[in-house]
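Asks: I'm passing along upload_19.cif; it holds mmCIF, C-alpha atoms and all ligand atoms.
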```
data_coords
#
loop_
_atom_site.group_PDB
_atom_site.id
_atom_site.type_symbol
_atom_site.label_atom_id
_atom_site.label_comp_id
_atom_site.auth_asym_id
_atom_site.auth_seq_id
_atom_site.Cartn_x
_atom_site.Cartn_y
_atom_site.Cartn_z
ATOM 1 C CA MET N 1 47.662 177.371 -13.418
ATOM 2 C CA THR N 2 48.706 173.706 -13.384
ATOM 3 C CA SER N 3 48.947 171.303 -16.330
ATOM 4 C CA ILE N 4 50.262 167.848 -17.165
ATOM 5 C CA ARG N 5 53.581 167.627 -19.024
ATOM 6 C CA LYS N 6 54.317 164.605 -21.240
ATOM 7 C CA GLN N 7 57.980 163.916 -21.993
ATOM 8 C CA LYS N 8 59.393 161.168 -24.190
ATOM 9 C CA ILE N 9 62.706 159.835 -22.875
ATOM 10 C CA LYS N 10 64.352 156.806 -24.506
ATOM 11 C CA GLY N 11 61.061 155.660 -26.015
ATOM 12 C CA LYS N 12 59.110 155.909 -22.739
ATOM 13 C CA THR N 13 56.539 158.589 -21.887
ATOM 14 C CA TYR N 14 56.915 160.286 -18.507
ATOM 15 C CA TYR N 15 54.224 162.448 -16.912
ATOM 16 C CA SER N 16 54.502 165.291 -14.408
ATOM 17 C CA LEU N 17 52.309 167.992 -12.945
ATOM 18 C CA ILE N 18 53.713 171.438 -13.659
ATOM 19 C CA GLU N 19 52.749 174.963 -12.671
ATOM 20 C CA ARG N 20 53.501 178.221 -14.489
ATOM 21 C CA ILE N 21 54.962 180.707 -12.032
ATOM 22 C CA LYS N 22 56.612 184.123 -12.275
ATOM 23 C CA LYS N 23 60.277 184.128 -11.215
ATOM 24 C CA GLY N 24 62.435 187.249 -11.493
ATOM 25 C CA GLY N 25 59.823 188.841 -13.770
ATOM 26 C CA LYS N 26 59.802 185.837 -16.148
ATOM 27 C CA TRP N 27 57.268 183.018 -16.536
ATOM 28 C CA VAL N 28 58.818 179.612 -15.799
ATOM 29 C CA TYR N 29 57.490 176.078 -15.298
ATOM 30 C CA LYS N 30 57.940 174.422 -11.904
ATOM 31 C CA THR N 31 57.430 170.662 -11.454
ATOM 32 C CA ILE N 32 54.981 170.042 -8.617
ATOM 33 C CA GLU N 33 54.837 166.240 -8.777
ATOM 34 C CA SER N 34 56.317 163.524 -11.006
ATOM 35 C CA TYR N 35 54.161 160.554 -11.937
ATOM 36 C CA GLY N 36 56.809 158.473 -13.750
ATOM 37 C CA THR N 37 55.289 156.462 -16.584
ATOM 38 C CA ASN N 38 51.806 156.375 -14.961
ATOM 39 C CA GLU N 39 49.429 158.510 -16.973
ATOM 40 C CA PRO N 40 47.321 160.635 -14.604
ATOM 41 C CA SER N 41 43.634 159.865 -14.874
ATOM 42 C CA ASN N 42 41.026 162.397 -15.885
ATOM 43 C CA ASN N 43 39.608 164.277 -12.986
ATOM 44 C CA ASN N 44 36.430 163.040 -11.501
ATOM 45 C CA ILE N 45 34.541 165.162 -8.979
ATOM 46 C CA LYS N 46 31.361 164.289 -7.133
ATOM 47 C CA ILE N 47 29.539 166.825 -4.965
ATOM 48 C CA ILE N 48 26.796 165.548 -2.676
ATOM 49 C CA LYS N 49 24.359 167.807 -0.850
ATOM 50 C CA GLY N 50 23.411 166.161 2.417
ATOM 51 C CA PHE N 51 24.418 165.037 5.868
ATOM 52 C CA ALA N 52 27.763 163.241 6.060
ATOM 53 C CA GLU N 53 26.444 160.654 8.528
ATOM 54 C CA LYS N 54 23.769 159.615 6.004
ATOM 55 C CA GLU N 55 25.498 160.062 2.622
ATOM 56 C CA LEU N 56 28.653 158.143 3.562
ATOM 57 C CA LYS N 57 26.548 154.977 3.815
ATOM 58 C CA ASP N 58 26.244 154.903 -0.008
ATOM 59 C CA ILE N 59 30.013 154.877 -0.567
ATOM 60 C CA PRO N 60 31.428 151.362 -1.108
ATOM 61 C CA ASP N 61 33.856 149.697 1.339
ATOM 62 C CA LYS N 62 37.555 150.487 0.852
ATOM 63 C CA SER N 63 36.953 152.782 -2.129
ATOM 64 C CA VAL N 64 38.679 155.945 -0.875
ATOM 65 C CA ASN N 65 42.442 156.570 -0.631
ATOM 66 C CA LEU N 66 42.497 159.674 1.568
ATOM 67 C CA ILE N 67 40.042 161.474 3.856
ATOM 68 C CA ILE N 68 40.362 165.091 4.946
ATOM 69 C CA LEU N 69 37.852 166.271 7.534
ATOM 70 C CA ASP N 70 37.263 169.808 8.700
ATOM 71 C CA PRO N 71 34.247 169.340 10.947
ATOM 72 C CA PRO N 72 32.400 172.200 12.600
ATOM 73 C CA TYR N 73 34.348 172.638 15.827
ATOM 74 C CA GLY N 74 31.401 172.764 18.171
ATOM 75 C CA ILE N 75 32.088 176.371 19.088
ATOM 76 C CA ASN N 76 29.376 178.170 17.142
ATOM 77 C CA TYR N 77 31.150 181.385 16.264
ATOM 78 C CA ASP N 78 31.400 183.275 13.044
ATOM 79 C CA THR N 79 33.639 185.999 11.734
ATOM 80 C CA ASN N 80 31.394 189.018 11.818
ATOM 81 C CA PHE N 81 33.447 190.893 9.281
ATOM 82 C CA ARG N 82 32.295 188.503 6.548
ATOM 83 C CA LYS N 83 28.644 188.965 7.387
ATOM 84 C CA GLU N 84 29.084 192.628 6.586
ATOM 85 C CA LYS N 85 30.312 191.707 3.117
ATOM 86 C CA THR N 86 27.753 189.189 1.961
ATOM 87 C CA GLU N 87 24.690 187.551 3.275
ATOM 88 C CA THR N 88 25.669 184.181 1.882
ATOM 89 C CA ILE N 89 28.307 183.738 4.567
ATOM 90 C CA GLY N 90 26.643 183.350 7.909
ATOM 91 C CA ALA N 91 27.320 181.119 10.889
ATOM 92 C CA ILE N 92 28.176 177.641 9.652
ATOM 93 C CA SER N 93 25.624 174.874 9.970
ATOM 94 C CA LEU N 94 25.613 172.642 13.032
ATOM 95 C CA ASP N 95 28.657 174.352 14.528
ATOM 96 C CA ASN N 96 27.594 173.289 17.994
ATOM 97 C CA GLU N 97 27.478 170.317 20.357
ATOM 98 C CA LYS N 98 25.417 168.372 17.801
ATOM 99 C CA ILE N 99 28.588 167.462 15.905
ATOM 100 C CA PHE N 100 29.565 165.124 18.742
ATOM 101 C CA GLU N 101 26.285 163.205 18.362
ATOM 102 C CA THR N 102 26.955 162.364 14.714
ATOM 103 C CA PHE N 103 30.769 162.315 14.561
ATOM 104 C CA PRO N 104 31.048 158.702 15.851
ATOM 105 C CA ASP N 105 28.856 157.471 12.960
ATOM 106 C CA VAL N 106 30.829 159.540 10.467
ATOM 107 C CA ILE N 107 34.130 158.111 11.695
ATOM 108 C CA ARG N 108 32.843 154.530 11.649
ATOM 109 C CA GLU N 109 31.790 155.044 8.012
ATOM 110 C CA CYS N 110 35.092 156.745 7.156
ATOM 111 C CA PHE N 111 36.974 153.727 8.475
ATOM 112 C CA ARG N 112 34.801 151.385 6.416
ATOM 113 C CA ILE N 113 35.220 153.256 3.122
ATOM 114 C CA LEU N 114 38.946 154.002 3.505
ATOM 115 C CA LYS N 115 41.386 151.590 1.890
ATOM 116 C CA ASP N 116 43.972 149.837 4.041
ATOM 117 C CA LYS N 117 47.326 151.634 4.411
ATOM 118 C CA SER N 118 45.605 155.011 4.021
ATOM 119 C CA ALA N 119 45.317 158.255 5.945
ATOM 120 C CA LEU N 120 42.692 160.501 7.473
ATOM 121 C CA TYR N 121 43.413 164.089 8.548
ATOM 122 C CA CYS N 122 41.041 165.869 10.922
ATOM 123 C CA PHE N 123 41.257 169.589 11.680
ATOM 124 C CA ALA N 124 40.446 170.550 15.267
ATOM 125 C CA ARG N 125 40.989 173.541 17.505
ATOM 126 C CA TRP N 126 43.275 172.934 20.525
ATOM 127 C CA ASP N 127 40.394 172.699 23.023
ATOM 128 C CA MET N 128 38.492 170.217 20.834
ATOM 129 C CA THR N 129 41.300 167.814 19.891
ATOM 130 C CA GLU N 130 40.702 165.536 22.855
ATOM 131 C CA ARG N 131 37.016 165.128 22.073
ATOM 132 C CA PHE N 132 37.673 164.421 18.399
ATOM 133 C CA SER N 133 40.598 162.092 19.116
ATOM 134 C CA SER N 134 38.627 160.025 21.625
ATOM 135 C CA ILE N 135 36.223 159.182 18.773
ATOM 136 C CA LEU N 136 38.919 158.747 16.083
ATOM 137 C CA ASN N 137 40.905 156.490 18.420
ATOM 138 C CA LYS N 138 38.194 153.838 18.346
ATOM 139 C CA TYR N 139 39.019 153.001 14.721
ATOM 140 C CA PHE N 140 42.229 154.731 13.656
ATOM 141 C CA LYS N 141 45.733 155.004 14.998
ATOM 142 C CA ILE N 142 46.470 158.661 15.633
ATOM 143 C CA LYS N 143 50.079 159.163 14.597
ATOM 144 C CA ASN N 144 50.501 162.917 15.029
ATOM 145 C CA ASN N 145 48.836 166.018 16.307
ATOM 146 C CA LEU N 146 50.091 168.344 13.563
ATOM 147 C CA ILE N 147 50.306 172.053 14.214
ATOM 148 C CA TRP N 148 49.312 174.350 11.393
ATOM 149 C CA VAL N 149 50.907 177.722 12.104
ATOM 150 C CA LYS N 150 48.999 180.541 10.444
ATOM 151 C CA ASN N 151 50.489 183.830 9.481
ATOM 152 C CA ASN N 152 48.066 186.003 11.400
ATOM 153 C CA TRP N 153 45.881 186.199 14.462
ATOM 154 C CA SER N 154 42.538 184.551 14.889
ATOM 155 C CA MET N 155 39.385 185.954 16.460
ATOM 156 C CA GLY N 156 38.545 185.565 20.116
ATOM 157 C CA ASP N 157 38.766 187.342 23.438
ATOM 158 C CA LEU N 158 40.833 190.343 22.357
ATOM 159 C CA ASN N 159 42.383 191.223 25.737
ATOM 160 C CA GLY N 160 41.787 188.228 27.994
ATOM 161 C CA SER N 161 43.733 185.521 26.131
ATOM 162 C CA TYR N 162 46.740 185.066 23.882
ATOM 163 C CA ALA N 163 46.048 185.454 20.177
ATOM 164 C CA GLY N 164 45.623 182.056 18.522
ATOM 165 C CA GLN N 165 48.086 181.498 15.704
ATOM 166 C CA TYR N 166 47.701 177.784 15.131
ATOM 167 C CA GLU N 167 45.208 175.020 14.503
ATOM 168 C CA ASN N 168 45.626 171.291 15.115
ATOM 169 C CA ILE N 169 45.353 168.564 12.503
ATOM 170 C CA LEU N 170 45.062 164.988 13.759
ATOM 171 C CA PHE N 171 46.921 162.655 11.421
ATOM 172 C CA CYS N 172 45.334 159.196 11.605
ATOM 173 C CA VAL N 173 46.067 155.987 9.720
ATOM 174 C CA LYS N 174 44.316 152.753 8.843
ATOM 175 C CA GLY N 175 47.099 150.167 8.724
ATOM 176 C CA LYS N 176 50.766 150.841 8.042
ATOM 177 C CA LEU N 177 51.322 153.764 5.723
ATOM 178 C CA LYS N 178 54.428 155.394 4.283
ATOM 179 C CA LEU N 179 54.268 159.132 3.743
ATOM 180 C CA ASN N 180 55.330 160.325 0.290
ATOM 181 C CA LYS N 181 58.559 162.264 -0.146
ATOM 182 C CA GLY N 182 60.049 161.193 3.185
ATOM 183 C CA ARG N 183 59.593 162.555 6.670
ATOM 184 C CA SER N 184 58.312 166.092 7.233
ATOM 185 C CA ALA N 185 58.164 168.180 10.400
ATOM 186 C CA ASP N 186 54.943 168.123 12.420
ATOM 187 C CA VAL N 187 54.720 171.918 12.317
ATOM 188 C CA LEU N 188 53.254 173.158 9.049
ATOM 189 C CA LYS N 189 53.602 176.813 8.136
ATOM 190 C CA PHE N 190 51.047 178.038 5.623
ATOM 191 C CA ASP N 191 49.411 181.455 5.294
ATOM 192 C CA ARG N 192 45.734 181.484 6.118
ATOM 193 C CA VAL N 193 43.252 182.748 3.523
ATOM 194 C CA ALA N 194 43.158 186.544 3.667
ATOM 195 C CA GLY N 195 39.888 188.022 4.977
ATOM 196 C CA LYS N 196 39.058 189.756 1.708
ATOM 197 C CA SER N 197 39.268 186.463 -0.249
ATOM 198 C CA LEU N 198 37.306 184.312 2.231
ATOM 199 C CA LEU N 199 34.346 182.423 0.780
ATOM 200 C CA HIS N 200 33.724 180.524 4.037
ATOM 201 C CA SER N 201 34.430 181.626 7.595
ATOM 202 C CA HIS N 202 36.491 178.433 8.235
ATOM 203 C CA GLN N 203 38.110 178.183 4.789
ATOM 204 C CA LYS N 204 41.415 176.320 4.738
ATOM 205 C CA PRO N 205 44.304 177.363 2.465
ATOM 206 C CA LEU N 206 44.794 175.429 -0.766
ATOM 207 C CA LYS N 207 48.572 175.185 -0.283
ATOM 208 C CA LEU N 208 48.134 173.439 3.077
ATOM 209 C CA LEU N 209 45.596 170.983 1.642
ATOM 210 C CA GLU N 210 47.800 170.343 -1.390
ATOM 211 C CA PHE N 211 50.669 169.527 0.964
ATOM 212 C CA LEU N 212 48.569 166.966 2.895
ATOM 213 C CA ILE N 213 47.164 165.450 -0.310
ATOM 214 C CA LYS N 214 50.644 165.053 -1.834
ATOM 215 C CA LYS N 215 52.007 163.462 1.362
ATOM 216 C CA SER N 216 49.289 160.802 1.501
ATOM 217 C CA SER N 217 47.986 160.034 -1.984
ATOM 218 C CA LYS N 218 49.004 159.765 -5.614
ATOM 219 C CA SER N 219 47.607 160.928 -8.921
ATOM 220 C CA GLY N 220 44.293 159.238 -9.767
ATOM 221 C CA ASP N 221 43.508 158.415 -6.108
ATOM 222 C CA MET N 222 40.125 159.169 -4.540
ATOM 223 C CA VAL N 223 40.003 161.900 -1.864
ATOM 224 C CA LEU N 224 36.967 162.499 0.359
ATOM 225 C CA ASP N 225 35.921 165.549 2.385
ATOM 226 C CA CYS N 226 32.533 165.103 4.017
ATOM 227 C CA TYR N 227 32.377 168.605 5.578
ATOM 228 C CA ALA N 228 33.311 170.293 2.314
ATOM 229 C CA GLY N 229 32.444 173.946 3.132
ATOM 230 C CA SER N 230 33.619 176.086 0.227
ATOM 231 C CA GLY N 231 35.233 173.046 -1.446
ATOM 232 C CA SER N 232 38.908 173.774 -0.710
ATOM 233 C CA THR N 233 39.836 170.058 -0.454
ATOM 234 C CA LEU N 234 38.036 169.365 -3.731
ATOM 235 C CA LEU N 235 39.804 172.193 -5.525
ATOM 236 C CA ALA N 236 43.211 171.107 -4.192
ATOM 237 C CA SER N 237 42.450 167.496 -5.262
ATOM 238 C CA LYS N 238 41.406 168.614 -8.717
ATOM 239 C CA LYS N 239 44.605 170.654 -9.126
ATOM 240 C CA LEU N 240 46.634 167.577 -8.184
ATOM 241 C CA HIS N 241 44.676 165.262 -10.511
ATOM 242 C CA ARG N 242 43.009 163.232 -7.776
ATOM 243 C CA LYS N 243 39.386 162.131 -7.976
ATOM 244 C CA CYS N 244 37.266 163.543 -5.173
ATOM 245 C CA ILE N 245 33.963 163.375 -3.342
ATOM 246 C CA GLY N 246 32.656 166.283 -1.296
ATOM 247 C CA ILE N 247 29.640 166.214 1.016
ATOM 248 C CA GLU N 248 28.168 169.480 2.314
ATOM 249 C CA LEU N 249 24.749 170.083 3.800
ATOM 250 C CA ASP N 250 24.434 173.818 3.223
ATOM 251 C CA GLU N 251 23.066 174.847 -0.173
ATOM 252 C CA ARG N 252 24.898 178.208 0.005
ATOM 253 C CA TYR N 253 28.244 176.404 0.074
ATOM 254 C CA ILE N 254 27.245 173.867 -2.587
ATOM 255 C CA LYS N 255 26.765 176.862 -4.886
ATOM 256 C CA ILE N 256 30.173 178.257 -3.938
ATOM 257 C CA ILE N 257 31.840 174.845 -4.490
ATOM 258 C CA LYS N 258 30.340 174.558 -7.963
ATOM 259 C CA GLU N 259 31.483 178.072 -8.841
ATOM 260 C CA ARG N 260 35.009 177.401 -7.539
ATOM 261 C CA LEU N 261 35.314 174.088 -9.374
ATOM 262 C CA LYS N 262 33.570 175.425 -12.487
ATOM 263 C CA ILE N 263 30.951 172.663 -12.351
ATOM 264 C CA LYS N 264 27.309 173.110 -13.389
HETATM 265 C C1 LIG N 301 34.645 173.963 9.157
HETATM 266 S S1 LIG N 301 33.612 174.011 7.768
HETATM 267 C C2 LIG N 301 34.616 173.413 6.432
HETATM 268 C C3 LIG N 301 35.365 174.489 5.692
HETATM 269 C C4 LIG N 301 36.175 173.965 4.535
HETATM 270 N N1 LIG N 301 37.312 173.188 4.986
HETATM 271 C C5 LIG N 301 36.656 175.075 3.607
HETATM 272 O O1 LIG N 301 37.878 175.218 3.393
HETATM 273 O O2 LIG N 301 35.808 175.814 3.116
HETATM 274 C C6 LIG N 301 32.480 172.712 8.043
HETATM 275 C C7 LIG N 301 31.366 172.594 7.021
HETATM 276 O O3 LIG N 301 30.624 171.407 7.336
HETATM 277 C C8 LIG N 301 29.251 171.610 7.028
HETATM 278 N N2 LIG N 301 28.512 170.613 7.835
HETATM 279 C C9 LIG N 301 28.187 170.688 9.139
HETATM 280 N N3 LIG N 301 27.615 169.533 9.543
HETATM 281 C C10 LIG N 301 27.586 168.708 8.456
HETATM 282 C C11 LIG N 301 27.112 167.385 8.227
HETATM 283 N N4 LIG N 301 26.588 166.664 9.208
HETATM 284 N N5 LIG N 301 27.243 166.854 6.987
HETATM 285 C C12 LIG N 301 27.792 167.572 5.964
HETATM 286 N N6 LIG N 301 28.254 168.841 6.123
HETATM 287 C C13 LIG N 301 28.159 169.404 7.353
HETATM 288 C C14 LIG N 301 28.990 173.062 7.368
HETATM 289 O O4 LIG N 301 27.908 173.572 6.616
HETATM 290 C C15 LIG N 301 30.345 173.726 7.006
HETATM 291 O O5 LIG N 301 30.290 174.307 5.727
#
```
Show the structure stored in the file as structure tokens.
Replies:
Amino acid sequence: MTSIRKQKIKGKTYYSLIERIKKGGKWVYKTIESYGTNEPSNNNIKIIKGFAEKELKDIPDKSVNLIILDPPYGINYDTNFRKEKTETIGAISLDNEKIFETFPDVIRECFRILKDKSALYCFARWDMTERFSSILNKYFKIKNNLIWVKNNWSMGDLNGSYAGQYENILFCVKGKLKLNKGRSADVLKFDRVAGKSLLHSHQKPLKLLEFLIKKSSKSGDMVLDCYAGSGSTLLASKKLHRKCIGIELDERYIKIIKERLKIK
């Protein structure tokens, strides 16, 4: 559970984001982020049901500080084990070649709505990075191909290939941008979401998203995820007191997002 701490020091009020954690059997408060004397704004979350390529057109120019994209990878697979658990989690929508028809429009719009000196992160599997980067390259400068190392093995050809333990994240910028809290390694180690807790077959871990959000935005900034899935980016943004917009076309996931974010 996170909360905002207000501290008065020499007549000035300082704000920080703190989390209550258990350490050595005791509850203690850990500072996650310091905001200095800037009071964090109230959270503001907008969830849009629709197609990214259409809905992005209504977002004003240069109004977003950070974009995190986790597009369908064009591989049309689903984790069968989830289907056994609930019927709400099936194959994800448009997880096929169609993504490459609309992705250029989505990226053009993302570039338009992103502020200068801002970042866009795009998840992609190793065999899809080239296709995604050839589209991203037209507008953004791709600065890194980050490697997210997961703690366990992904699905796939069980005997005929090596077990996949990583995913790629293309780190792109619009203009010159300084990452917060100095330089970090391009290999990011975060546990993936355990099968029994999965709400979406491609759900990304909150800790990983929180890391990316903290590196490239500040409290009160606007974060956008236009392939929102189960709303992980929105939840991470909310926890870090960012404003956020999520676009998702599948009604099943809109319901899950609202439940996760406790929104009616
Ligand atoms: C890879 S998943 C995102 C998972 C998400 N990062 C999470 O942690 O739950 C991609 C999502 O994009 C949605 N989607 C596919 N095409 C879309 C489009 N054109 N516009 C909006 N959403 C789309 C799918 O329904 C799917 O839920």
Asks: When distances are computed from all atoms listed in the file, which of N:Ser216, N:Asn144, N:Ser184, N:Thr2 shows the smallest separation from Ser118 (chain N)?
Replies: N:Ser216
Asks: Taking only C-alpha atoms and all ligand atoms into account, list the residues no farther than 6 Å from ligand LIG 301 (chain N), as a list in words.
Replies: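 Taking only C-alpha atoms and all ligand atoms into account, the residues around ligand LIG 301 (chain N) at most 6 Å away are Gly50, Phe51, Ala52, Asp70, Pro71, Pro72, Ile92, Ser93, Leu94, His200, His202, Gln203, Lys204, Cys226, Tyr227, Ala228, Gly229, Ser230, Gly231, Ser232, Ile247, Glu248, Leu249 and Asp250 of chain N.
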Asks: Take the PyMOL selection byres (((chain N and resi 30) around 8) and not hetatm), run it mentally on this structure, and tell me the resulting residues as an mmCIF file with C-alpha atoms, keeping the file's coordinate frame.
Replies:
```
data_model
loop_
_atom_site.group_PDB
_atom_site.id
_atom_site.type_symbol
_atom_site.label_atom_id
_atom_site.label_comp_id
_atom_site.auth_asym_id
_atom_site.auth_seq_id
_atom_site.Cartn_x
_atom_site.Cartn_y
_atom_site.Cartn_z
ATOM 1 C CA ILE N 18 53.713 171.438 -13.659
ATOM 2 C CA GLU N 19 52.749 174.963 -12.671
ATOM 3 C CA ARG N 20 53.501 178.221 -14.489
ATOM 4 C CA ILE N 21 54.962 180.707 -12.032
ATOM 5 C CA VAL N 28 58.818 179.612 -15.799
ATOM 6 C CA TYR N 29 57.490 176.078 -15.298
ATOM 7 C CA THR N 31 57.430 170.662 -11.454
ATOM 8 C CA ILE N 32 54.981 170.042 -8.617
#
```
Asks: Is there a way to get, as a PDB file with C-alpha atoms, keeping the file's coordinate frame, all residues within 7 Å of the point (39.9, 164.0, 9.1) in file coordinates, counting all atoms listed in the file?
Replies:
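The result, stored in selection-v4.pdb:
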```pdb
ATOM      1  CA  ILE N  67      40.042 161.474   3.856  1.00  0.00           C
ATOM      2  CA  ILE N  68      40.362 165.091   4.946  1.00  0.00           C
ATOM      3  CA  LEU N  69      37.852 166.271   7.534  1.00  0.00           C
ATOM      4  CA  ASP N  70      37.263 169.808   8.700  1.00  0.00           C
ATOM      5  CA  LEU N 120      42.692 160.501   7.473  1.00  0.00           C
ATOM      6  CA  TYR N 121      43.413 164.089   8.548  1.00  0.00           C
ATOM      7  CA  CYS N 122      41.041 165.869  10.922  1.00  0.00           C
ATOM      8  CA  PHE N 123      41.257 169.589  11.680  1.00  0.00           C
TER       9      PHE N 123
END
```
Asks: Just to confirm, what's the straight-line distance from CA of Lys174 (chain N) to CA of Arg108 (chain N) in Å (one decimal)?
Replies: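 Here the two named atoms are 11.9 Å from each other.
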Asks: As an exercise, work out the distance from CA of Ser219 (chain N) to CA of Arg242 (chain N) in Å and give it to one decimal place.
Replies: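 So the two atoms, CA of Ser219 (chain N) and CA of Arg242 (chain N), lie 5.3 Å apart.
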Asks: Where atoms are missing, can you supply N, CA and C atoms for region 116-132 of chain N and output the lot as an mmCIF file, in the frame of the given file?
Replies:
```
data_model
loop_
_atom_site.group_PDB
_atom_site.id
_atom_site.type_symbol
_atom_site.label_atom_id
_atom_site.label_comp_id
_atom_site.auth_asym_id
_atom_site.auth_seq_id
_atom_site.Cartn_x
_atom_site.Cartn_y
_atom_site.Cartn_z
ATOM 1 N N ASP N 116 42.901 150.127 3.076
ATOM 2 C CA ASP N 116 43.972 149.837 4.041
ATOM 3 C C ASP N 116 45.205 150.657 3.659
ATOM 4 N N LYS N 117 46.082 150.860 4.609
ATOM 5 C CA LYS N 117 47.326 151.634 4.411
ATOM 6 C C LYS N 117 47.017 153.035 3.891
ATOM 7 N N SER N 118 46.008 153.674 4.475
ATOM 8 C CA SER N 118 45.605 155.011 4.021
ATOM 9 C C SER N 118 45.428 155.949 5.206
ATOM 10 N N ALA N 119 45.310 157.238 4.880
ATOM 11 C CA ALA N 119 45.317 158.255 5.945
ATOM 12 C C ALA N 119 44.016 159.042 6.030
ATOM 13 N N LEU N 120 43.786 159.563 7.234
ATOM 14 C CA LEU N 120 42.692 160.501 7.473
ATOM 15 C C LEU N 120 43.280 161.667 8.266
ATOM 16 N N TYR N 121 42.998 162.887 7.810
ATOM 17 C CA TYR N 121 43.413 164.089 8.548
ATOM 18 C C TYR N 121 42.155 164.753 9.082
ATOM 19 N N CYS N 122 42.211 165.201 10.339
ATOM 20 C CA CYS N 122 41.041 165.869 10.922
ATOM 21 C C CYS N 122 41.474 167.176 11.594
ATOM 22 N N PHE N 123 40.977 168.287 11.069
ATOM 23 C CA PHE N 123 41.257 169.589 11.680
ATOM 24 C C PHE N 123 40.514 169.689 13.012
ATOM 25 N N ALA N 124 41.127 170.331 13.982
ATOM 26 C CA ALA N 124 40.446 170.550 15.267
ATOM 27 C C ALA N 124 41.132 171.685 15.997
ATOM 28 N N ARG N 125 40.354 172.505 16.693
ATOM 29 C CA ARG N 125 40.989 173.541 17.505
ATOM 30 C C ARG N 125 41.556 172.902 18.761
ATOM 31 N N TRP N 126 42.555 173.538 19.395
ATOM 32 C CA TRP N 126 43.275 172.934 20.525
ATOM 33 C C TRP N 126 42.350 172.389 21.619
ATOM 34 N N ASP N 127 41.256 173.123 21.914
ATOM 35 C CA ASP N 127 40.394 172.699 23.023
ATOM 36 C C ASP N 127 39.372 171.642 22.594
ATOM 37 N N MET N 128 39.427 171.236 21.330
ATOM 38 C CA MET N 128 38.492 170.217 20.834
ATOM 39 C C MET N 128 39.224 168.934 20.449
ATOM 40 N N THR N 129 40.557 168.975 20.420
ATOM 41 C CA THR N 129 41.300 167.814 19.891
ATOM 42 C C THR N 129 41.023 166.556 20.712
ATOM 43 N N GLU N 130 40.898 166.727 22.024
ATOM 44 C CA GLU N 130 40.702 165.536 22.855
ATOM 45 C C GLU N 130 39.363 164.866 22.550
ATOM 46 N N ARG N 131 38.343 165.700 22.354
ATOM 47 C CA ARG N 131 37.016 165.128 22.073
ATOM 48 C C ARG N 131 37.000 164.424 20.719
ATOM 49 N N PHE N 132 37.628 165.069 19.721
ATOM 50 C CA PHE N 132 37.673 164.421 18.399
ATOM 51 C C PHE N 132 38.548 163.174 18.448
#
```
